[in-house]
Protein chains: 2
Amino acid sequence: MVVKKRKIKTIKIKKKKTKSKGFESSKKSKKAVKKPAQKPKKSDNDSKKSELGITVKKTHDFSEWYTQAIQKAEMIEYSPVSGCMVIRPYAYSIWESIREFMDKEIKRMGIQNAYFPLFIPESLLKKEQEHVEGFTPEVAWVTHHGTTKFEERLAIRPTSETIMYDSYKKWIRSYKDLPLRLNQWCNIVRWEFKHPVPFLRTREFLWQEGHTAFAKREEAEKEVSEILELYARTLEELLAVPVIRGRKSESEKFAGAVYTDSVETFLPNGKAIQGGTSHFLGQNFSKAFDISFLDRKGNKQYVYQNSWGFTTRSIGIMIAMHGDDNGLVMPPRIAPTHIAIVPIVFSNKPTVNEKVMRVAKEIKKELKNFRVELDDRNEYSPGFKFNYWELRGVPLRIEIGPKDIEKKHVIFVRRDTGIKEAVKIEHVTVRAIKVLADIQDNLYNKAKKFLERSIVKVKTMNDFKKAISNGKIAFAQWCNCRECEDEIKDKTGAKTLNIPFKQPRVKGKCFCKCNKKAEKWVYFARSY
Amino acid sequence: MVVKKRKIKTIKIKKKKTKSKGFESSKKSKKAVKKPAQKPKKSDNDSKKSELGITVKKTHDFSEWYTQAIQKAEMIEYSPVSGCMVIRPYAYSIWESIREFMDKEIKRMGIQNAYFPLFIPESLLKKEQEHVEGFTPEVAWVTHHGTTKFEERLAIRPTSETIMYDSYKKWIRSYKDLPLRLNQWCNIVRWEFKHPVPFLRTREFLWQEGHTAFAKREEAEKEVSEILELYARTLEELLAVPVIRGRKSESEKFAGAVYTDSVETFLPNGKAIQGGTSHFLGQNFSKAFDISFLDRKGNKQYVYQNSWGFTTRSIGIMIAMHGDDNGLVMPPRIAPTHIAIVPIVFSNKPTVNEKVMRVAKEIKKELKNFRVELDDRNEYSPGFKFNYWELRGVPLRIEIGPKDIEKKHVIFVRRDTGIKEAVKIEHVTVRAIKVLADIQDNLYNKAKKFLERSIVKVKTMNDFKKAISNGKIAFAQWCNCRECEDEIKDKTGAKTLNIPFKQPRVKGKCFCKCNKKAEKWVYFARSY
């Protein structure tokens, strides 16, 4: 299992050739590219007309890179409704993997799934004043069915606290009805004004939302932390995205919550992004909705509540974090395809090709415990296929050519590093397990280093401004006052991400010249 | 494994007592009942005030029975939005079982999951004229976000043909892009005017909708049948609901389809109901949306399409079909709980109780491959618990009392027949497997007999009217004309269900006195 660079030289050259050509010419047909070739049976798929590759570098134009990467890998399609996207199978299967993982964990915690209506009557939505102010500008309103006008407008759920708690009020009477812990997987609509970005900021998205009620404050708060840890694990273990765990500032918390805990990360374009939030609602909603119970002594008490959500945004975070100039790079744990097998065949050698195809099929069979695609399409060259699977971020490619078969090995090519390696045919399964695990680790570690490198400890407002304008996260001692936060946002465009649970010792004054005592270390950055 | 009626006499009496009391008194508190006891630690749970049971007989007042059954078993909650319901965990987990089964089969067929936007711009919805006429009166319209009016109204998907095919048009260019076969699990809104009934007719419901495109008509038509068979299997094998497979009449088909195949069944209240539909769309949509491809010869062709859907209505069908005067009866394959273990404990015998509880726990452990609930609640009597689990339709109850333990056995009680049986402790697993399989079969066979008995072959209009007014399905030779169909509907309230694939020989004239030649045998009934 030695890296044999020389041996596979031909292949490498071929690949490079294709790629550079693809990159040069694909710009003009950005929107048209869905499947690799538009014209059937036209001979030269390695031609200069290849529309496969991404035409910009991630570091030069992140936004364009992202747009091309998700479209060319067939992750999304734009829809005629502005800000709403089609989640194509290749992306949806990632959501299915995330859901499967999280759903099992949520159920293991004793939380049950349910489904509540999409529509919320206006009066119900407005019952908890604080929370509704956060959403009102973004709510989509249903006013008519057929030609009939509704007596009361219906909101399309921007979140389901109100519609759910209206039922909780009916279900909870005694301490014996507690805890009540429900979750739902559904679609959500928030008509944000900011420029929509597929996955990262869409007007309709998919999520899970958990809504729980407890007799005791401590029980509720314990769950807030457990869920946050589940979100952190989903991002870190599945999506290989390292996160910062902490508490939101007062102005950034969920309106209606006592506090909001979040996991945050930082994307290569210098923008932070929230990965998931877990809210302790205290008795804010239970008092507004009269969700009360008789305790063991027969006294009326209000329940303590939580709500928490994790969305399809996570897919966008994963893409933005790991992708490179050749397209997506999928962490193996959520990769729709783990391994792409590309047989190296030659148009003038039918007998040799047959043998290559036979071995390729055997290897596919051998790798039955992985999600494997054998790319046996006749109409495309190997070089074209290399690009095709790279664009989709398939973690491991296996190349099989006639010379490899003679030597009883195949070539493993890692998507994350591009490193090639000859692997004995009898070792493919064992080696694939190891390589995929390594890729998962490597992606996480690379992202972790990037996140750590992006954090700059600042002492003064000048340092702070420099860090922000350099596209970094500023980590600073702060007075924890809304006024300073607003002023900083106005001046620099940076928001607080969160106040990390792991706090260095605080001493002295706030960095922002307000002359108040510093209270907490907090992360600031430009963010989504 | 002998049925020992005498031995378990005490238990039986106890149970009966509870039940009859519950039935007498529960009417007044219909809406309040969510959890069995409202007041903690009040001694007599077997008291006359028990609100647990259903207060009407299924045969006397089906509608009231259904309403009570689904609410008292905690399947649904009414929401403040008329016609939209909350699917509670006990019902939602059935949907999860259905989804898991169908999703696996759908993927096995090579169909992939995706997600398309909830919103459809009005102009897009109206692109295929025929289909939209069927839906327009039922469409819910979004007109505003925040305080801003949309330039164009957005429909909330009543079905997704148009929003999906708008993408299909972009994705399909060459024969190599075919077949394109996608499915999505989502929510749907149809603001029907008829009286909503939870599960059976709700204004928002959950479903899967498959949308496929093929190069060849035969391929598409083959899939229509395969999917219909999947729907039939889901109803028959999972939900133990026998169905009639056939083709919809012209006036009952999906507007926009060339033809619609359906599975239909018949509920104990004398009303037929559609269980799932699979539509062959031909080129109706592909021509309206210009979904075309270049075939191998480079000629432009329009694709042939299908669409097919299966909804949460199926849960209501299952409930209506199998439930009895004591509540739900769940087919084991989708029962959220397979087995409820009820320890028979006595307040004055703590040492004995301990032993009973120990054995109960051991048996729960032994039955780890089933979904088992051990009802160890101290505050309720065994009789109360019997009712509780019966109401929820748990297929098998295991009673364990001190005398049973002495004899090294436990008592199995079947929910479907009420039959009791002493089972040696060492045989519980083997016997549970057998009993649950028997229950599944028995429910199906009972329903099958009911369906068969409900079908009346009619020759004349008089026979027809008699059959319909007796709450039967009329099976008749028919001219297959829309005019006759409309007239029959006006006169008798009966609609065609479908034209079964298995046709007896047709000869002579239509039954309806129109004097036209009979073309097909068809089922008519009053229906949802």
# chains A, B, ... in the order shown; residues from 1 in each chain; ligands from 1

call {"tool": "closest_atom_pairs", "arguments": {"of": "range 353-375 of chain A", "to": "range 386-406 of chain A", "cutoff": "10 Å", "atoms": "only C-alpha atoms", "output": "CSV"}}
result
residue,atom,partner,partner_atom,distance
A:Asn353,CA,A:Pro402,CA,7.7
A:Glu354,CA,A:Pro402,CA,9.9
A:Lys355,CA,A:Pro402,CA,7.8
A:Val356,CA,A:Pro402,CA,6.1
A:Met357,CA,A:Ile400,CA,8.6
A:Val359,CA,A:Ile405,CA,7.8
A:Ala360,CA,A:Ile400,CA,6.8
A:Ile363,CA,A:Ile398,CA,9.4
A:Lys364,CA,A:Ile398,CA,9.9
A:Val372,CA,A:Leu396,CA,9.6
A:Glu373,CA,A:Arg397,CA,9.6
A:Leu374,CA,A:Ile398,CA,9.3
A:Asp375,CA,A:Trp389,CA,9.4

call {"tool": "write_last_selection", "arguments": {"atoms": "N, CA and C atoms", "output": "JSON list (two decimals), in the first residue's frame"}}
result
[["chain", "number", "residue", "atom", "x", "y", "z"],
["A", 353, "ASN", "N", -10.92, -4.65, -22.49],
["A", 353, "ASN", "CA", -12.00, -3.93, -21.80],
["A", 353, "ASN", "C", -12.92, -4.89, -21.05],
["A", 354, "GLU", "N", -13.22, -5.98, -21.69],
["A", 354, "GLU", "CA", -14.11, -6.97, -21.07],
["A", 354, "GLU", "C", -13.55, -7.44, -19.74],
["A", 355, "LYS", "N", -12.25, -7.71, -19.76],
["A", 355, "LYS", "CA", -11.59, -8.18, -18.54],
["A", 355, "LYS", "C", -11.65, -7.09, -17.46],
["A", 356, "VAL", "N", -11.36, -5.86, -17.88],
["A", 356, "VAL", "CA", -11.39, -4.74, -16.93],
["A", 356, "VAL", "C", -12.79, -4.62, -16.32],
["A", 357, "MET", "N", -13.78, -4.73, -17.16],
["A", 357, "MET", "CA", -15.16, -4.59, -16.67],
["A", 357, "MET", "C", -15.51, -5.72, -15.70],
["A", 359, "VAL", "N", -13.46, -7.36, -13.71],
["A", 359, "VAL", "CA", -12.82, -7.08, -12.41],
["A", 359, "VAL", "C", -13.56, -5.93, -11.70],
["A", 360, "ALA", "N", -13.93, -4.92, -12.45],
["A", 360, "ALA", "CA", -14.63, -3.77, -11.84],
["A", 360, "ALA", "C", -15.92, -4.23, -11.17],
["A", 363, "ILE", "N", -15.18, -6.09, -8.00],
["A", 363, "ILE", "CA", -14.79, -5.18, -6.91],
["A", 363, "ILE", "C", -16.02, -4.47, -6.36],
["A", 364, "LYS", "N", -16.93, -4.11, -7.23],
["A", 364, "LYS", "CA", -18.16, -3.49, -6.76],
["A", 364, "LYS", "C", -18.90, -4.45, -5.80],
["A", 372, "VAL", "N", -21.62, 2.30, -3.48],
["A", 372, "VAL", "CA", -20.67, 2.28, -4.59],
["A", 372, "VAL", "C", -21.38, 2.53, -5.92],
["A", 373, "GLU", "N", -20.77, 3.33, -6.77],
["A", 373, "GLU", "CA", -21.23, 3.48, -8.15],
["A", 373, "GLU", "C", -20.14, 2.97, -9.08],
["A", 374, "LEU", "N", -20.51, 2.04, -9.96],
["A", 374, "LEU", "CA", -19.59, 1.62, -11.01],
["A", 374, "LEU", "C", -19.95, 2.41, -12.25],
["A", 375, "ASP", "N", -19.04, 3.25, -12.69],
["A", 375, "ASP", "CA", -19.34, 4.13, -13.82],
["A", 375, "ASP", "C", -19.01, 3.40, -15.12]]

call {"tool": "residues_around", "arguments": {"residues": "Gly246 in chain A", "least_positions_apart": "6", "cutoff": "9 Å", "atoms": "only C-alpha atoms", "output": "PyMOL selection string"}}
result
chain A and resi 260-264+497-502+522

call {"tool": "write_last_selection", "arguments": {"atoms": "C-alpha atoms", "output": "mmCIF file, in the first residue's frame"}}
result
data_model
loop_
_atom_site.group_PDB
_atom_site.id
_atom_site.type_symbol
_atom_site.label_atom_id
_atom_site.label_comp_id
_atom_site.auth_asym_id
_atom_site.auth_seq_id
_atom_site.Cartn_x
_atom_site.Cartn_y
_atom_site.Cartn_z
ATOM 1 C CA THR A 260 -30.574 30.557 23.385
ATOM 2 C CA ASP A 261 -27.603 28.246 23.117
ATOM 3 C CA SER A 262 -26.040 27.763 19.730
ATOM 4 C CA VAL A 263 -23.360 26.030 17.763
ATOM 5 C CA GLU A 264 -21.536 28.319 15.375
ATOM 6 C CA LEU A 497 -21.832 34.743 17.440
ATOM 7 C CA ASN A 498 -22.032 33.405 20.935
ATOM 8 C CA ILE A 499 -20.523 33.548 24.375
ATOM 9 C CA PRO A 500 -18.592 30.278 24.585
ATOM 10 C CA PHE A 501 -19.243 28.002 27.531
ATOM 11 C CA LYS A 502 -15.511 27.633 28.009
ATOM 12 C CA VAL A 522 -17.496 36.615 23.218
#

call {"tool": "select_by_dssp", "arguments": {"residues": "range 107-157 of chain B", "states": "strand (DSSP E)", "output": "list in words"}}
result
Gln112, Asn113, Phe119, Ile120, Pro121, Ala140, Trp141, Val142, Thr143, His144, His145, Thr148, Lys149, Phe150, Glu151, Glu152, Arg153, Leu154, Ala155 and Ile156 of chain B

call {"tool": "residues_around", "arguments": {"residues": "Asn442 in chain B", "least_positions_apart": "4", "cutoff": "9 Å", "atoms": "only C-alpha atoms", "output": "count of residues only"}}
result
6

call {"tool": "residues_around", "arguments": {"residues": "Asn445 in chain A", "least_positions_apart": "2", "cutoff": "12 Å", "atoms": "only C-alpha atoms", "output": "PyMOL selection string"}}
result
chain A and resi 236-237+239-243+321-322+331+416+438-443+447-452

call {"tool": "atom_distance", "arguments": {"atom1": "CA of Thr55 in chain B", "atom2": "CA of Leu328 in chain B"}}
result
13.7 Å

call {"tool": "atom_distance", "arguments": {"atom1": "CA of Glu133 in chain B", "atom2": "CA of Arg526 in chain B"}}
result
23.6 Å

call {"tool": "select_by_dssp", "arguments": {"residues": "range 108-259 of chain B", "states": "helix (DSSP H, G or I)", "output": "VMD selection string"}}
result
chain B and resid 108 122 to 125 129 to 138 161 to 171 175 to 177 217 to 238

call {"tool": "residues_around", "arguments": {"residues": "range 66-76 of chain A", "least_positions_apart": "6", "cutoff": "6 Å", "atoms": "only C-alpha atoms", "output": "PyMOL selection string"}}
result
chain A and resi 86-88+90-91+327+391-392

call {"tool": "residues_around", "arguments": {"residues": "Glu426 in chain A", "least_positions_apart": "3", "cutoff": "10 Å", "atoms": "only C-alpha atoms", "output": "list of chain:residue names"}}
result
A:Ile363, A:Glu366, A:Lys408, A:His409, A:Val410, A:Val423, A:Thr429, A:Val430, A:Arg431

call {"tool": "write_last_selection", "arguments": {"atoms": "all heavy atoms", "output": "PDB file, in the first residue's frame"}}
result
ATOM      1  N   ILE A 363     -15.175  -6.093  -8.001  1.00  0.00           N
ATOM      2  CA  ILE A 363     -14.788  -5.183  -6.909  1.00  0.00           C
ATOM      3  C   ILE A 363     -16.021  -4.465  -6.362  1.00  0.00           C
ATOM      4  O   ILE A 363     -16.166  -4.281  -5.147  1.00  0.00           O
ATOM      5  CB  ILE A 363     -13.699  -4.207  -7.393  1.00  0.00           C
ATOM      6  CG1 ILE A 363     -12.413  -5.043  -7.541  1.00  0.00           C
ATOM      7  CG2 ILE A 363     -13.514  -3.037  -6.430  1.00  0.00           C
ATOM      8  CD1 ILE A 363     -11.168  -4.299  -7.758  1.00  0.00           C
ATOM      9  N   GLU A 366     -17.588  -6.915  -4.104  1.00  0.00           N
ATOM     10  CA  GLU A 366     -16.768  -7.043  -2.886  1.00  0.00           C
ATOM     11  C   GLU A 366     -17.057  -5.877  -1.924  1.00  0.00           C
ATOM     12  O   GLU A 366     -17.077  -6.052  -0.712  1.00  0.00           O
ATOM     13  CB  GLU A 366     -15.289  -7.064  -3.318  1.00  0.00           C
ATOM     14  CG  GLU A 366     -14.258  -6.764  -2.240  1.00  0.00           C
ATOM     15  CD  GLU A 366     -14.130  -7.884  -1.225  1.00  0.00           C
ATOM     16  OE1 GLU A 366     -14.451  -9.036  -1.574  1.00  0.00           O
ATOM     17  OE2 GLU A 366     -13.727  -7.601  -0.064  1.00  0.00           O
ATOM     18  N   LYS A 408      -2.494  -7.160 -10.291  1.00  0.00           N
ATOM     19  CA  LYS A 408      -3.440  -7.568  -9.252  1.00  0.00           C
ATOM     20  C   LYS A 408      -3.730  -6.460  -8.237  1.00  0.00           C
ATOM     21  O   LYS A 408      -3.915  -6.718  -7.043  1.00  0.00           O
ATOM     22  CB  LYS A 408      -2.959  -8.829  -8.526  1.00  0.00           C
ATOM     23  CG  LYS A 408      -2.833 -10.050  -9.440  1.00  0.00           C
ATOM     24  CD  LYS A 408      -2.866 -11.333  -8.619  1.00  0.00           C
ATOM     25  CE  LYS A 408      -3.131 -12.544  -9.489  1.00  0.00           C
ATOM     26  NZ  LYS A 408      -1.961 -13.057 -10.215  1.00  0.00           N
ATOM     27  N   HIS A 409      -3.715  -5.232  -8.709  1.00  0.00           N
ATOM     28  CA  HIS A 409      -4.118  -4.145  -7.809  1.00  0.00           C
ATOM     29  C   HIS A 409      -5.061  -3.173  -8.523  1.00  0.00           C
ATOM     30  O   HIS A 409      -5.337  -3.323  -9.716  1.00  0.00           O
ATOM     31  CB  HIS A 409      -2.896  -3.423  -7.219  1.00  0.00           C
ATOM     32  CG  HIS A 409      -2.130  -2.599  -8.205  1.00  0.00           C
ATOM     33  ND1 HIS A 409      -0.778  -2.378  -8.097  1.00  0.00           N
ATOM     34  CD2 HIS A 409      -2.515  -1.946  -9.332  1.00  0.00           C
ATOM     35  CE1 HIS A 409      -0.378  -1.615  -9.102  1.00  0.00           C
ATOM     36  NE2 HIS A 409      -1.414  -1.357  -9.860  1.00  0.00           N
ATOM     37  N   VAL A 410      -5.568  -2.234  -7.754  1.00  0.00           N
ATOM     38  CA  VAL A 410      -6.350  -1.136  -8.314  1.00  0.00           C
ATOM     39  C   VAL A 410      -5.802   0.161  -7.717  1.00  0.00           C
ATOM     40  O   VAL A 410      -5.013   0.113  -6.770  1.00  0.00           O
ATOM     41  CB  VAL A 410      -7.854  -1.273  -7.970  1.00  0.00           C
ATOM     42  CG1 VAL A 410      -8.447  -2.527  -8.606  1.00  0.00           C
ATOM     43  CG2 VAL A 410      -8.070  -1.284  -6.456  1.00  0.00           C
ATOM     44  N   VAL A 423      -3.628  -0.467  -4.457  1.00  0.00           N
ATOM     45  CA  VAL A 423      -4.110  -1.351  -3.392  1.00  0.00           C
ATOM     46  C   VAL A 423      -4.358  -2.740  -3.979  1.00  0.00           C
ATOM     47  O   VAL A 423      -5.048  -2.871  -4.996  1.00  0.00           O
ATOM     48  CB  VAL A 423      -5.421  -0.806  -2.767  1.00  0.00           C
ATOM     49  CG1 VAL A 423      -5.991  -1.779  -1.738  1.00  0.00           C
ATOM     50  CG2 VAL A 423      -5.193   0.562  -2.141  1.00  0.00           C
ATOM     51  N   THR A 429     -11.454  -3.977   0.544  1.00  0.00           N
ATOM     52  CA  THR A 429     -12.430  -3.645   1.584  1.00  0.00           C
ATOM     53  C   THR A 429     -11.758  -3.061   2.819  1.00  0.00           C
ATOM     54  O   THR A 429     -12.137  -1.991   3.307  1.00  0.00           O
ATOM     55  CB  THR A 429     -13.249  -4.891   1.982  1.00  0.00           C
ATOM     56  OG1 THR A 429     -13.958  -5.340   0.836  1.00  0.00           O
ATOM     57  CG2 THR A 429     -14.235  -4.578   3.088  1.00  0.00           C
ATOM     58  N   VAL A 430     -10.754  -3.783   3.297  1.00  0.00           N
ATOM     59  CA  VAL A 430     -10.042  -3.325   4.501  1.00  0.00           C
ATOM     60  C   VAL A 430      -9.477  -1.926   4.290  1.00  0.00           C
ATOM     61  O   VAL A 430      -9.617  -1.043   5.133  1.00  0.00           O
ATOM     62  CB  VAL A 430      -8.900  -4.310   4.844  1.00  0.00           C
ATOM     63  CG1 VAL A 430      -8.092  -3.790   6.020  1.00  0.00           C
ATOM     64  CG2 VAL A 430      -9.472  -5.688   5.136  1.00  0.00           C
ATOM     65  N   ARG A 431      -8.863  -1.743   3.119  1.00  0.00           N
ATOM     66  CA  ARG A 431      -8.237  -0.462   2.857  1.00  0.00           C
ATOM     67  C   ARG A 431      -9.294   0.646   2.694  1.00  0.00           C
ATOM     68  O   ARG A 431      -9.105   1.771   3.151  1.00  0.00           O
ATOM     69  CB  ARG A 431      -7.377  -0.578   1.591  1.00  0.00           C
ATOM     70  CG  ARG A 431      -6.499   0.628   1.322  1.00  0.00           C
ATOM     71  CD  ARG A 431      -5.450   0.828   2.398  1.00  0.00           C
ATOM     72  NE  ARG A 431      -4.794   2.143   2.291  1.00  0.00           N
ATOM     73  CZ  ARG A 431      -4.337   2.835   3.323  1.00  0.00           C
ATOM     74  NH1 ARG A 431      -4.425   2.341   4.544  1.00  0.00           N
ATOM     75  NH2 ARG A 431      -3.774   4.011   3.154  1.00  0.00           N
TER      76      ARG A 431
END

call {"tool": "residues_around", "arguments": {"residues": "range 175-190 of chain A", "least_positions_apart": "4", "cutoff": "6 Å", "atoms": "only C-alpha atoms", "output": "list of chain:residue names"}}
result
A:Ile111, A:Gln112, A:Asn113, A:Ala114, A:Tyr115, A:Glu138, A:Val139, A:Arg157, A:Pro158, A:Arg203, A:Glu204, A:Phe205, A:Leu206, A:Trp207, A:Gln208, A:Glu209, A:Gly210, A:His211, A:Thr212, A:Ala213, A:Phe214, A:Phe293, A:Leu294, A:Asp295

call {"tool": "write_last_selection", "arguments": {"atoms": "N, CA and C atoms", "output": "mmCIF file, in the first residue's frame"}}
result
data_model
loop_
_atom_site.group_PDB
_atom_site.id
_atom_site.type_symbol
_atom_site.label_atom_id
_atom_site.label_comp_id
_atom_site.auth_asym_id
_atom_site.auth_seq_id
_atom_site.Cartn_x
_atom_site.Cartn_y
_atom_site.Cartn_z
ATOM 1 N N ILE A 111 -37.915 11.389 23.219
ATOM 2 C CA ILE A 111 -38.761 12.390 22.552
ATOM 3 C C ILE A 111 -39.483 11.705 21.393
ATOM 4 N N GLN A 112 -40.765 12.023 21.225
ATOM 5 C CA GLN A 112 -41.556 11.368 20.185
ATOM 6 C C GLN A 112 -41.822 12.306 19.012
ATOM 7 N N ASN A 113 -41.997 11.744 17.842
ATOM 8 C CA ASN A 113 -42.339 12.539 16.670
ATOM 9 C C ASN A 113 -43.849 12.726 16.543
ATOM 10 N N ALA A 114 -44.224 13.868 16.019
ATOM 11 C CA ALA A 114 -45.632 14.181 15.769
ATOM 12 C C ALA A 114 -45.682 15.118 14.571
ATOM 13 N N TYR A 115 -46.890 15.528 14.191
ATOM 14 C CA TYR A 115 -47.001 16.516 13.116
ATOM 15 C C TYR A 115 -48.124 17.504 13.427
ATOM 16 N N GLU A 138 -41.382 38.510 8.333
ATOM 17 C CA GLU A 138 -41.010 37.391 7.454
ATOM 18 C C GLU A 138 -42.150 36.411 7.210
ATOM 19 N N VAL A 139 -43.294 36.662 7.806
ATOM 20 C CA VAL A 139 -44.369 35.676 7.705
ATOM 21 C C VAL A 139 -45.064 35.737 6.345
ATOM 22 N N ARG A 157 -46.303 28.451 8.979
ATOM 23 C CA ARG A 157 -45.438 28.396 10.162
ATOM 24 C C ARG A 157 -44.021 28.892 9.891
ATOM 25 N N PRO A 158 -43.612 29.944 10.639
ATOM 26 C CA PRO A 158 -42.210 30.365 10.606
ATOM 27 C C PRO A 158 -41.453 29.606 11.700
ATOM 28 N N ARG A 203 -36.072 30.753 1.685
ATOM 29 C CA ARG A 203 -37.344 31.221 2.254
ATOM 30 C C ARG A 203 -38.226 30.071 2.676
ATOM 31 N N GLU A 204 -38.026 28.927 2.064
ATOM 32 C CA GLU A 204 -38.597 27.696 2.614
ATOM 33 C C GLU A 204 -37.416 26.787 2.926
ATOM 34 N N PHE A 205 -37.453 26.136 4.053
ATOM 35 C CA PHE A 205 -36.407 25.147 4.337
ATOM 36 C C PHE A 205 -37.002 23.992 5.125
ATOM 37 N N LEU A 206 -36.235 22.937 5.238
ATOM 38 C CA LEU A 206 -36.663 21.779 6.019
ATOM 39 C C LEU A 206 -35.909 21.784 7.349
ATOM 40 N N TRP A 207 -36.567 21.320 8.362
ATOM 41 C CA TRP A 207 -35.888 21.236 9.651
ATOM 42 C C TRP A 207 -36.567 20.215 10.531
ATOM 43 N N GLN A 208 -35.996 20.004 11.718
ATOM 44 C CA GLN A 208 -36.735 19.394 12.813
ATOM 45 C C GLN A 208 -36.873 20.460 13.872
ATOM 46 N N GLU A 209 -38.013 20.441 14.534
ATOM 47 C CA GLU A 209 -38.187 21.355 15.667
ATOM 48 C C GLU A 209 -38.707 20.545 16.850
ATOM 49 N N GLY A 210 -37.971 20.625 17.950
ATOM 50 C CA GLY A 210 -38.375 19.948 19.172
ATOM 51 C C GLY A 210 -39.037 20.942 20.101
ATOM 52 N N HIS A 211 -40.078 20.491 20.775
ATOM 53 C CA HIS A 211 -40.815 21.368 21.703
ATOM 54 C C HIS A 211 -41.167 20.545 22.925
ATOM 55 N N THR A 212 -40.614 20.942 24.067
ATOM 56 C CA THR A 212 -40.789 20.112 25.252
ATOM 57 C C THR A 212 -41.291 20.931 26.437
ATOM 58 N N ALA A 213 -41.897 20.223 27.374
ATOM 59 C CA ALA A 213 -42.427 20.881 28.582
ATOM 60 C C ALA A 213 -42.080 20.018 29.783
ATOM 61 N N PHE A 214 -41.586 20.657 30.818
ATOM 62 C CA PHE A 214 -41.150 19.964 32.026
ATOM 63 C C PHE A 214 -41.778 20.606 33.256
ATOM 64 N N PHE A 293 -50.077 22.875 35.277
ATOM 65 C CA PHE A 293 -50.392 21.528 35.785
ATOM 66 C C PHE A 293 -50.562 21.588 37.288
ATOM 67 N N LEU A 294 -51.237 20.583 37.800
ATOM 68 C CA LEU A 294 -51.337 20.465 39.238
ATOM 69 C C LEU A 294 -50.186 19.594 39.715
ATOM 70 N N ASP A 295 -49.398 20.100 40.626
ATOM 71 C CA ASP A 295 -48.272 19.307 41.124
ATOM 72 C C ASP A 295 -48.764 18.281 42.146
#

call {"tool": "atom_distance", "arguments": {"atom1": "CA of Gly418 in chain B", "atom2": "CA of Asn378 in chain B"}}
result
24.8 Å
